[in-house]
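What follows is final_28.tsv (TSV, C-alpha atoms).
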chain	number	residue	atom	x	y	z
A	109	MET	CA	-0.95	-12.24	33.68
A	110	MET	CA	-0.84	-14.76	30.83
A	111	THR	CA	-3.55	-15.15	28.25
A	112	ASN	CA	-4.90	-18.39	26.80
A	113	ILE	CA	-5.00	-17.03	23.25
A	114	THR	CA	-2.04	-16.86	20.87
A	115	LEU	CA	-0.73	-13.59	19.42
A	116	PHE	CA	-1.93	-14.63	15.96
A	117	SER	CA	-5.46	-15.30	17.28
A	118	GLN	CA	-5.54	-11.88	18.95
A	119	ILE	CA	-4.42	-10.21	15.71
A	120	ILE	CA	-7.13	-12.04	13.72
A	121	SER	CA	-9.74	-11.03	16.31
A	122	LYS	CA	-9.17	-7.38	15.37
A	123	LEU	CA	-10.69	-8.03	11.92
A	124	ASP	CA	-14.33	-7.09	11.41
A	125	ARG	CA	-15.94	-10.46	10.71
A	126	SER	CA	-19.46	-9.09	10.27
A	127	SER	CA	-18.31	-6.86	7.38
A	128	PHE	CA	-16.62	-9.88	5.83
A	129	SER	CA	-19.90	-11.82	6.09
A	130	LYS	CA	-21.77	-8.96	4.40
A	131	LEU	CA	-19.28	-9.06	1.50
A	132	LEU	CA	-19.77	-12.82	1.16
A	133	LYS	CA	-23.53	-12.37	1.04
A	134	ALA	CA	-23.33	-9.53	-1.50
A	135	LYS	CA	-21.05	-11.57	-3.78
A	136	GLY	CA	-22.97	-14.83	-3.31
A	137	ILE	CA	-19.84	-16.65	-2.13
A	138	ASP	CA	-19.78	-19.61	0.30
A	139	LYS	CA	-23.46	-20.48	-0.22
A	140	HIS	CA	-22.80	-24.20	-0.46
A	141	GLN	CA	-19.28	-24.20	0.94
A	142	LYS	CA	-18.39	-26.77	3.56
A	143	GLY	CA	-15.10	-26.89	5.46
A	144	PHE	CA	-12.67	-24.54	3.78
A	145	ASN	CA	-14.77	-21.39	3.58
A	146	SER	CA	-13.61	-17.89	2.64
A	147	TRP	CA	-12.80	-16.93	6.24
A	148	THR	CA	-10.54	-19.99	6.65
A	149	HIS	CA	-8.93	-19.06	3.33
A	150	LEU	CA	-8.31	-15.49	4.54
A	151	VAL	CA	-6.80	-16.68	7.84
A	152	SER	CA	-4.60	-19.15	5.94
A	153	MET	CA	-3.27	-16.43	3.62
A	154	LEU	CA	-2.71	-14.01	6.51
A	155	PHE	CA	-0.75	-16.77	8.23
A	156	CYS	CA	1.23	-17.07	4.99
A	157	GLN	CA	2.07	-13.35	5.26
A	158	PHE	CA	2.86	-13.18	8.97
A	159	ALA	CA	4.87	-16.43	8.97
A	160	LYS	CA	6.34	-15.75	5.49
A	161	SER	CA	5.40	-19.30	4.46
A	162	GLN	CA	7.21	-20.41	1.32
A	163	SER	CA	4.66	-22.99	0.15
A	164	VAL	CA	1.12	-24.26	0.67
A	165	ARG	CA	2.71	-27.11	2.65
A	166	ASP	CA	4.18	-24.54	5.07
A	167	ILE	CA	0.75	-22.93	5.54
A	168	SER	CA	-0.99	-26.27	6.12
A	169	ASN	CA	1.66	-27.58	8.54
A	170	GLY	CA	1.93	-24.25	10.33
A	171	LEU	CA	-1.80	-24.11	11.05
A	172	ARG	CA	-1.81	-27.77	12.05
A	173	SER	CA	0.79	-26.97	14.69
A	174	ALA	CA	-1.76	-24.57	16.24
A	175	THR	CA	-4.17	-27.43	16.95
A	176	GLY	CA	-6.36	-26.55	19.93
A	177	ASN	CA	-6.17	-22.86	19.06
A	178	LEU	CA	-7.92	-22.94	15.69
A	179	ASN	CA	-11.32	-22.17	17.19
A	180	HIS	CA	-9.92	-18.79	18.36
A	181	LEU	CA	-9.08	-18.09	14.71
A	182	GLY	CA	-12.66	-18.87	13.69
A	183	ILE	CA	-11.72	-21.99	11.71
A	184	GLN	CA	-12.67	-25.61	12.26
A	185	LYS	CA	-9.56	-27.44	11.10
A	186	ALA	CA	-6.27	-26.75	9.38
A	187	PRO	CA	-6.64	-26.98	5.58
A	188	SER	CA	-4.68	-29.42	3.46
A	189	LYS	CA	-2.16	-28.07	0.95
A	190	SER	CA	-4.25	-29.30	-2.00
A	191	THR	CA	-7.31	-27.45	-0.67
A	192	ILE	CA	-5.36	-24.19	-0.30
A	193	SER	CA	-3.97	-24.57	-3.83
A	194	TYR	CA	-7.40	-25.24	-5.31
A	195	GLN	CA	-9.07	-22.27	-3.58
A	196	ASN	CA	-6.19	-19.92	-4.47
A	197	LYS	CA	-6.86	-20.79	-8.08
A	198	HIS	CA	-10.65	-20.60	-8.00
A	199	ARG	CA	-11.99	-18.37	-5.20
A	200	ASP	CA	-12.85	-14.85	-6.41
A	201	TRP	CA	-9.86	-12.63	-5.52
A	202	THR	CA	-12.02	-9.48	-5.56
A	203	LEU	CA	-13.43	-10.58	-2.18
A	204	TYR	CA	-10.08	-9.82	-0.53
A	205	ARG	CA	-9.64	-6.59	-2.47
A	206	ASP	CA	-13.05	-5.36	-1.31
A	207	TYR	CA	-12.34	-6.46	2.27
A	208	TYR	CA	-9.12	-4.42	2.22
A	209	TYR	CA	-11.14	-1.28	1.44
A	210	VAL	CA	-13.66	-2.12	4.18
A	211	LEU	CA	-10.85	-2.47	6.73
A	212	LEU	CA	-9.19	0.70	5.45
A	213	LYS	CA	-12.23	2.70	6.53
A	214	SER	CA	-11.80	1.54	10.14
A	215	PHE	CA	-8.03	0.93	10.54
A	216	GLY	CA	-6.95	3.71	8.20
A	217	GLN	CA	-8.84	6.43	10.14
A	218	HIS	CA	-6.78	5.89	13.30
A	219	PRO	CA	-6.07	9.37	14.79
A	220	HIS	CA	-2.42	8.49	15.40
A	221	LEU	CA	-1.92	7.99	11.65
A	222	LYS	CA	-2.64	11.66	10.94
A	223	ARG	CA	0.31	13.91	10.08
A	224	VAL	CA	0.46	17.69	10.26
A	225	LYS	CA	3.58	18.63	8.31
A	226	PHE	CA	1.54	20.67	5.80
A	227	LYS	CA	-0.78	23.56	6.72
A	228	ILE	CA	-2.87	23.12	3.58
A	229	LYS	CA	-6.41	21.78	3.97
A	230	SER	CA	-6.27	19.52	0.92
A	231	LYS	CA	-6.04	15.75	1.31
A	232	ILE	CA	-2.61	14.64	0.06
A	233	PHE	CA	-2.09	11.57	-2.14
A	234	LEU	CA	1.18	10.20	-3.52
A	235	LEU	CA	1.00	8.32	-6.82
A	236	ASP	CA	3.50	5.81	-8.22
A	237	SER	CA	3.83	2.20	-9.35
A	238	THR	CA	6.12	-0.70	-8.55
A	239	THR	CA	6.91	-3.75	-10.65
A	240	ILE	CA	6.80	-7.25	-9.13
A	241	SER	CA	8.87	-9.63	-11.26
A	242	LEU	CA	7.59	-13.10	-12.12
A	243	CYS	CA	9.08	-16.01	-14.01
A	244	LEU	CA	7.37	-16.01	-17.43
A	245	SER	CA	7.68	-19.79	-17.84
A	246	LEU	CA	5.55	-20.29	-14.69
A	247	PHE	CA	3.38	-17.15	-14.83
A	248	ASP	CA	2.75	-17.17	-18.58
A	249	TRP	CA	-0.24	-14.77	-18.23
A	250	ALA	CA	1.94	-11.96	-16.79
A	251	LYS	CA	3.34	-10.43	-19.99
A	252	TYR	CA	6.18	-7.94	-19.57
A	253	LYS	CA	9.28	-8.55	-21.69
A	254	THR	CA	10.34	-11.35	-24.03
A	255	HIS	CA	11.78	-13.57	-21.29
A	256	LYS	CA	10.36	-11.87	-18.20
A	257	GLY	CA	6.95	-11.74	-16.58
A	258	ALA	CA	5.69	-9.10	-14.14
A	259	VAL	CA	2.70	-7.42	-12.60
A	260	LYS	CA	2.60	-3.72	-11.78
A	261	MET	CA	1.00	-2.18	-8.70
A	262	HIS	CA	-0.29	1.32	-9.51
A	263	THR	CA	-0.74	2.79	-6.04
A	264	LEU	CA	-2.38	5.97	-4.74
A	265	LEU	CA	-0.95	6.34	-1.23
A	266	ASP	CA	-2.69	8.40	1.43
A	267	TYR	CA	-0.06	10.71	2.95
A	268	ASP	CA	-1.75	10.30	6.35
A	269	GLY	CA	-0.83	6.84	7.57
A	270	ASN	CA	1.07	5.83	4.41
A	271	LEU	CA	-1.64	3.37	3.40
A	272	PRO	CA	-2.92	2.71	-0.14
A	273	HIS	CA	-6.15	4.59	-0.83
A	274	TYR	CA	-6.40	2.77	-4.16
A	275	VAL	CA	-4.43	0.03	-5.93
A	276	ASN	CA	-4.73	-1.03	-9.56
A	277	ILE	CA	-2.82	-4.22	-10.43
A	278	SER	CA	-2.04	-4.59	-14.13
A	279	ASP	CA	0.36	-6.59	-16.28
A	280	GLY	CA	3.94	-5.34	-16.38
A	281	LYS	CA	3.51	-3.71	-19.79
A	282	THR	CA	0.95	-1.12	-18.67
A	283	ALA	CA	2.50	2.38	-18.63
A	284	ASP	CA	2.31	4.29	-15.36
A	285	ASN	CA	0.10	7.05	-16.76
A	286	LYS	CA	-2.31	4.54	-18.38
A	287	GLY	CA	-2.68	2.72	-15.05
A	288	ALA	CA	-3.65	6.01	-13.37
A	289	TYR	CA	-6.81	6.81	-15.35
A	290	ASP	CA	-9.02	4.69	-13.07
A	291	ILE	CA	-7.92	6.15	-9.74
A	292	PRO	CA	-10.74	7.66	-7.64
A	293	LEU	CA	-10.65	11.46	-7.62
A	294	ILE	CA	-11.50	13.51	-4.52
A	295	SER	CA	-12.34	17.16	-5.13
A	296	ARG	CA	-9.80	19.65	-3.67
A	297	SER	CA	-7.27	16.88	-2.96
A	298	VAL	CA	-3.72	17.03	-4.33
A	299	ILE	CA	-1.92	14.23	-6.21
A	300	VAL	CA	1.89	14.24	-6.16
A	301	ALA	CA	3.71	12.17	-8.80
A	302	ASP	CA	6.91	11.77	-10.79
A	303	ARG	CA	7.49	12.63	-14.45
A	304	PHE	CA	5.99	9.33	-15.69
A	305	TYR	CA	2.56	10.85	-14.98
A	306	ASN	CA	3.23	13.96	-17.07
A	307	ASP	CA	0.36	13.08	-19.38
A	308	PHE	CA	-1.57	16.26	-20.24
A	309	SER	CA	-4.78	14.37	-21.06
A	310	LEU	CA	-4.62	12.78	-17.59
A	311	LEU	CA	-3.79	16.10	-15.91
A	312	ASN	CA	-6.73	17.72	-17.70
A	313	VAL	CA	-9.07	15.02	-16.32
A	314	TRP	CA	-7.78	15.75	-12.82
A	315	ASP	CA	-8.09	19.51	-13.23
A	316	SER	CA	-11.63	19.15	-14.60
A	317	ASN	CA	-12.52	17.23	-11.43
A	318	GLN	CA	-11.09	20.00	-9.22
A	319	VAL	CA	-8.08	17.92	-8.22
A	320	PHE	CA	-4.74	19.67	-7.72
A	321	PHE	CA	-1.53	18.05	-8.94
A	322	VAL	CA	2.20	18.47	-8.37
A	323	ILE	CA	4.14	16.66	-11.11
A	324	ARG	CA	7.79	16.66	-12.10
A	325	HIS	CA	7.72	17.80	-15.71
A	326	LYS	CA	9.62	16.30	-18.61
A	327	GLU	CA	12.58	18.20	-20.05
A	328	ASN	CA	11.12	18.36	-23.55
A	329	ILE	CA	7.84	20.16	-22.82
A	330	GLN	CA	7.28	23.27	-24.89
A	331	PHE	CA	5.91	26.34	-23.12
A	332	LYS	CA	6.04	30.12	-22.89
A	333	SER	CA	6.27	32.15	-19.71
A	334	ILE	CA	3.23	34.37	-19.03
A	335	LYS	CA	4.22	35.85	-15.69
A	336	GLU	CA	7.15	35.43	-13.32
A	337	LYS	CA	6.29	35.47	-9.62
A	338	GLU	CA	8.53	37.09	-7.02
A	339	LEU	CA	10.69	34.76	-4.97
A	340	PRO	CA	10.71	35.14	-1.17
A	341	GLU	CA	13.63	37.13	0.25
A	342	ASN	CA	15.98	35.69	2.90
A	343	ARG	CA	14.30	32.27	2.96
A	344	HIS	CA	13.57	29.22	0.79
A	345	HIS	CA	16.71	29.78	-1.26
A	346	HIS	CA	16.23	26.37	-2.88
A	347	VAL	CA	13.36	27.86	-4.94
A	348	LEU	CA	14.96	29.00	-8.20
A	349	LYS	CA	11.93	30.00	-10.27
A	350	ASP	CA	8.19	30.44	-9.86
A	351	GLU	CA	6.24	31.35	-13.00
A	352	ILE	CA	2.90	31.02	-14.79
A	353	ILE	CA	3.23	29.27	-18.15
A	354	GLU	CA	1.20	28.23	-21.16
A	355	LEU	CA	1.92	25.14	-23.23
A	356	THR	CA	2.93	25.85	-26.84
A	357	GLY	CA	3.28	22.35	-28.31
A	358	ALA	CA	0.34	21.71	-30.67
A	359	LYS	CA	-0.64	18.34	-29.17
A	360	SER	CA	0.00	19.23	-25.52
A	361	LYS	CA	-1.90	22.56	-25.79
A	362	THR	CA	-4.91	20.72	-27.23
A	363	LYS	CA	-4.80	18.24	-24.35
A	364	TYR	CA	-4.26	20.92	-21.67
A	365	PRO	CA	-5.30	24.40	-22.87
A	366	LYS	CA	-5.26	26.08	-19.43
A	367	LYS	CA	-2.41	27.89	-17.70
A	368	LEU	CA	0.02	26.05	-15.43
A	369	ARG	CA	2.42	27.06	-12.72
A	370	ARG	CA	6.05	26.02	-13.14
A	371	ILE	CA	8.41	25.90	-10.17
A	372	ALA	CA	12.13	25.07	-10.32
A	373	VAL	CA	13.87	24.01	-7.10
A	374	TRP	CA	17.40	22.95	-6.21
A	375	ASP	CA	17.81	19.46	-4.73
A	376	ASP	CA	20.89	19.55	-2.47
A	377	LYS	CA	20.79	15.84	-1.75
A	378	ASN	CA	21.13	14.81	-5.41
A	379	ASN	CA	22.84	18.01	-6.57
A	380	GLN	CA	20.31	18.72	-9.33
A	381	GLU	CA	17.55	21.07	-10.40
A	382	ILE	CA	14.00	19.71	-10.24
A	383	GLU	CA	11.26	21.30	-12.35
A	384	LEU	CA	7.64	20.93	-11.26
A	385	ILE	CA	4.28	21.86	-12.77
A	386	THR	CA	1.07	22.37	-10.85
A	387	ASN	CA	-2.42	23.76	-11.30
A	388	GLN	CA	-2.33	25.17	-7.74
A	389	MET	CA	-1.75	28.90	-8.03
A	390	SER	CA	-2.02	30.10	-4.40
A	391	TRP	CA	0.18	27.82	-2.25
A	392	THR	CA	3.75	28.98	-1.67
A	393	ALA	CA	6.49	27.63	-3.94
A	394	ASN	CA	8.10	26.09	-0.85
A	395	THR	CA	4.90	24.15	-0.05
A	396	ILE	CA	4.84	22.83	-3.62
A	397	SER	CA	8.48	21.74	-3.36
A	398	GLN	CA	7.90	20.08	0.06
A	399	LEU	CA	4.90	18.20	-1.34
A	400	TYR	CA	7.10	16.78	-4.08
A	401	LYS	CA	9.74	15.87	-1.50
A	402	ALA	CA	7.06	13.93	0.43
A	403	ARG	CA	6.71	11.70	-2.65
A	404	TRP	CA	9.64	9.71	-1.25
A	405	ASP	CA	7.18	8.16	1.25
A	406	ILE	CA	5.66	6.00	-1.48
A	407	GLU	CA	9.12	4.64	-2.37
A	408	ILE	CA	9.54	3.70	1.30
A	409	PHE	CA	6.12	2.02	1.26
A	410	PHE	CA	7.07	-0.09	-1.79
A	411	ARG	CA	10.37	-1.03	-0.15
A	412	ASP	CA	8.57	-2.06	3.06
A	413	ILE	CA	5.98	-4.29	1.41
A	414	LYS	CA	8.63	-6.02	-0.70
A	415	GLN	CA	11.05	-6.54	2.20
A	416	GLN	CA	8.65	-7.23	5.07
A	417	LEU	CA	5.76	-9.03	3.35
A	418	HIS	CA	5.48	-12.05	1.08
A	419	ILE	CA	4.97	-10.66	-2.43
A	420	LYS	CA	8.30	-11.31	-4.15
A	421	SER	CA	7.66	-15.05	-4.45
A	422	PHE	CA	4.27	-16.67	-4.87
A	423	ILE	CA	2.75	-19.91	-3.59
A	424	GLY	CA	0.44	-20.22	-6.61
A	425	THR	CA	1.08	-19.49	-10.29
A	426	SER	CA	-2.40	-18.58	-11.56
A	427	GLU	CA	-3.40	-14.94	-11.91
A	428	ASN	CA	-6.11	-15.45	-9.27
A	429	ALA	CA	-3.61	-16.88	-6.76
A	430	VAL	CA	-1.20	-13.97	-7.30
A	431	MET	CA	-3.99	-11.42	-6.82
A	432	ILE	CA	-5.14	-13.10	-3.59
A	433	GLN	CA	-1.59	-13.10	-2.23
A	434	ILE	CA	-1.04	-9.41	-3.07
A	435	TRP	CA	-4.36	-8.27	-1.56
A	436	THR	CA	-3.86	-10.33	1.63
A	437	ALA	CA	-0.39	-8.75	1.85
A	438	LEU	CA	-2.05	-5.33	1.73
A	439	ILE	CA	-4.50	-6.41	4.46
A	440	THR	CA	-1.46	-7.49	6.51
A	441	ILE	CA	0.26	-4.10	6.15
A	442	LEU	CA	-3.01	-2.47	7.19
A	443	ILE	CA	-3.09	-4.59	10.36
A	444	LEU	CA	0.59	-3.88	11.09
A	445	LYS	CA	0.15	-0.12	10.69
A	446	ALA	CA	-2.84	-0.24	13.08
A	447	LEU	CA	-0.81	-2.24	15.63
A	448	LYS	CA	2.09	0.22	15.61
A	449	ALA	CA	-0.09	3.33	15.59
A	450	ASN	CA	-0.53	3.71	19.33
A	451	PRO	CA	1.84	1.53	21.43
A	452	LYS	CA	4.10	2.92	24.16
A	453	TYR	CA	7.10	1.29	22.48
A	454	ASN	CA	8.36	2.99	19.32
A	455	TRP	CA	8.39	0.13	16.80
A	456	TYR	CA	10.11	0.08	13.44
A	457	LEU	CA	7.94	-1.84	11.00
A	458	SER	CA	10.74	-4.34	10.26
A	459	ASN	CA	11.20	-5.10	13.98
A	460	LEU	CA	7.46	-5.51	14.55
A	461	VAL	CA	7.16	-7.93	11.63
A	462	ALA	CA	10.15	-9.97	12.84
A	463	PHE	CA	8.94	-10.11	16.45
A	464	ILE	CA	5.41	-11.18	15.48
A	465	ARG	CA	6.82	-13.82	13.13
A	466	LEU	CA	8.87	-15.32	15.98
A	467	ASN	CA	5.97	-15.23	18.46
A	468	LEU	CA	2.90	-16.08	16.37
A	469	PHE	CA	1.75	-18.94	18.60
A	470	VAL	CA	3.01	-17.56	21.91
A	471	LYS	CA	0.21	-16.99	24.43
A	472	VAL	CA	0.78	-13.48	25.72
A	473	ASP	CA	-1.40	-10.37	25.87
A	474	LEU	CA	-0.97	-8.61	22.52
A	475	GLN	CA	-1.36	-5.01	23.72
A	476	LYS	CA	0.95	-5.49	26.73
A	477	TRP	CA	3.51	-7.22	24.52
A	478	ILE	CA	3.42	-4.43	21.92
A	479	ASP	CA	3.73	-1.76	24.64
A	480	SER	CA	6.61	-3.51	26.46
A	481	PRO	CA	8.17	-6.18	24.21
A	482	PHE	CA	11.30	-6.61	26.33
A	483	ASN	CA	9.63	-6.89	29.74
A	484	GLU	CA	10.09	-10.34	31.17
A	485	GLN	CA	6.89	-12.32	30.79
A	486	PRO	CA	5.84	-15.07	33.23
A	487	PRO	CA	6.53	-18.57	31.87
A	488	PRO	CA	3.60	-20.15	30.03
A	489	LYS	CA	1.72	-23.02	31.65
A	490	GLN	CA	2.98	-26.39	30.53
A	491	ASN	CA	0.65	-28.18	28.15
A	492	TYR	CA	1.54	-31.79	27.47
A	493	THR	CA	-1.13	-32.41	24.82
A	494	GLN	CA	0.61	-33.85	21.79
A	495	GLY	CA	0.23	-31.67	18.69
A	496	VAL	CA	-0.35	-32.82	15.12
A	497	LEU	CA	2.86	-32.57	13.11
A	498	PHE	CA	1.97	-34.17	9.79

Could I get this structure in the form of structure tokens?
Amino acid sequence: MMTNITLFSQIISKLDRSSFSKLLKAKGIDKHQKGFNSWTHLVSMLFCQFAKSQSVRDISNGLRSATGNLNHLGIQKAPSKSTISYQNKHRDWTLYRDYYYVLLKSFGQHPHLKRVKFKIKSKIFLLDSTTISLCLSLFDWAKYKTHKGAVKMHTLLDYDGNLPHYVNISDGKTADNKGAYDIPLISRSVIVADRFYNDFSLLNVWDSNQVFFVIRHKENIQFKSIKEKELPENRHHHVLKDEIIELTGAKSKTKYPKKLRRIAVWDDKNNQEIELITNQMSWTANTISQLYKARWDIEIFFRDIKQQLHIKSFIGTSENAVMIQIWTALITILILKALKANPKYNWYLSNLVAFIRLNLFVKVDLQKWIDSPFNEQPPPKQNYTQGVLF
């Protein structure tokens, strides 16, 4: 049975419009707005992501080609390219950031996004950053290097569902550890990160807030061993050392005066020893090492958003336009993860993105299509109404 609504319209219908309206009211946006309101702007930028539009002209023409279906998207008419450009420059980007977090509460709690690899009760977060390069001559506000511009996404990824729990977007010059001071801290959770976050002042803040951490430590830290723990016999041979230590460097000891646990493990894949520090004293050394291994998930997340979404090139050059495009990209990944959470067909994210992109304006039942993408669908009814091309 065919549907009269396009795939794109069905995807947009999954968004909570009432929550969006509450955000608009709270921020005092759209009070006197006529025509191109914030919802139309959001739909336009989500179309940009799903269709991977390369310019505002592509967005405008693409939505114009959906004439007759725009009412299902909740918009009155396709916006002009000049209108999109103007609003990308001037509409408050924090609206789309806040809407991401609203959607995260509903989409991100999907039961099929939960993972049970670890028996620990703590919530697991993976912390890292990725740099998005920009041309400094066009994006002159994005300082990074002498001839290069960039922004940096400091991301706290929820291990369940691989979705960002928090994102801080800074200029490219901001060090990883400095970009991590503002992350929200949840008591009894664990943060897993690479050596760039081996900042003892930062770790002390986390510890003081009852947050556990598993960090790869730098080679030059000074410490003394207080107690060596016994290694398990006949299993977990990759664990080389498990000990309680105390920092001895004058500055580092002042910043972190408490005891730490140091675990050394052998990484077969890269043929190297990895040294970790943690403030978690009771979990097994193997659990600590597996937590650090799970950190690779955030690298995969960064690869996915850069390859599958539209954040490596930008349709506007102002800081506001870049922020809107990044946050609507994150809303898009949220939608995609929700779509692939429970279908009968086992989708790879790259395949799902490609298939949706090719079928955005096809009128077919979204859930049936996601469950059985290769089942032959009945031919659509012929519609001879002439569309608007230009």

**Request:** Name the closest residue to Asp200 in chain A among the candidates A:Met431, A:Ile277, A:Val322, A:Ala462; distances are taken between atoms, counting all atoms listed in the file.
**Result:**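 Closest residue, counting all atoms listed in the file: A:Met431.
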
**Minimum-distance residue to Gln388 in chain A, chosen among A:Ala283, A:Val300, A:Ala429, A:Ala437 (using all atoms listed in the file)** =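 Between A:Ala283, A:Val300, A:Ala429, A:Ala437, the residue approaching Gln388 in chain A most closely is A:Val300.
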
**Asked** For Leu460 in chain A, which residue among A:Lys130, A:Lys448, A:Arg403, A:Arg199 is the nearest when counting all atoms listed in the file?
**Response**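 Of A:Lys130, A:Lys448, A:Arg403, A:Arg199, the one nearest Leu460 in chain A, counting all atoms listed in the file, is A:Lys448.
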
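Between CA of Lys160 in chain A and CA of His418 in chain A the interatomic distance comes to 5.8 Å.
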
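You can rank A:Ile439, A:Ile334, A:Ala159, A:Ile240 by their closest distance to Leu355 in chain A using all atoms listed in the file, and at the top of that list sits A:Ile334.
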
**Item:** Counting all atoms listed in the file, the option among A:Leu444, A:Leu438, A:Leu203, A:Ile413 closest to Ser129 in chain A
**Value:**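 Using all atoms listed in the file, the shortest distance to Ser129 in chain A belongs to A:Leu203.
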
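The nearest approach to Ser390 in chain A among the residues A:Asp236, A:Asp302, A:Glu427, A:Glu351, with all atoms listed in the file taken into account, belongs to A:Glu351.
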
**Message:** Excluding range 263-265 of chain A and its own-chain neighbours fewer than 5 positions away, which residues fall within 10 Å of it when counting all atoms listed in the file? Please give them as a VMD selection string.
**Reply:** chain A and resid 232 to 238 270 to 277 284 287 to 288 291 to 292 299 to 301 403 405 to 406 409 to 410

**Message:** Give me the residues near Ile329 in chain A as a list of chain:residue names, where near means some atom within 8 Å (using only C-alpha atoms) and where sequence neighbours in that chain fewer than 3 positions away do not count.
**Reply:** A:His325, A:Lys326, A:Leu355, A:Gly357
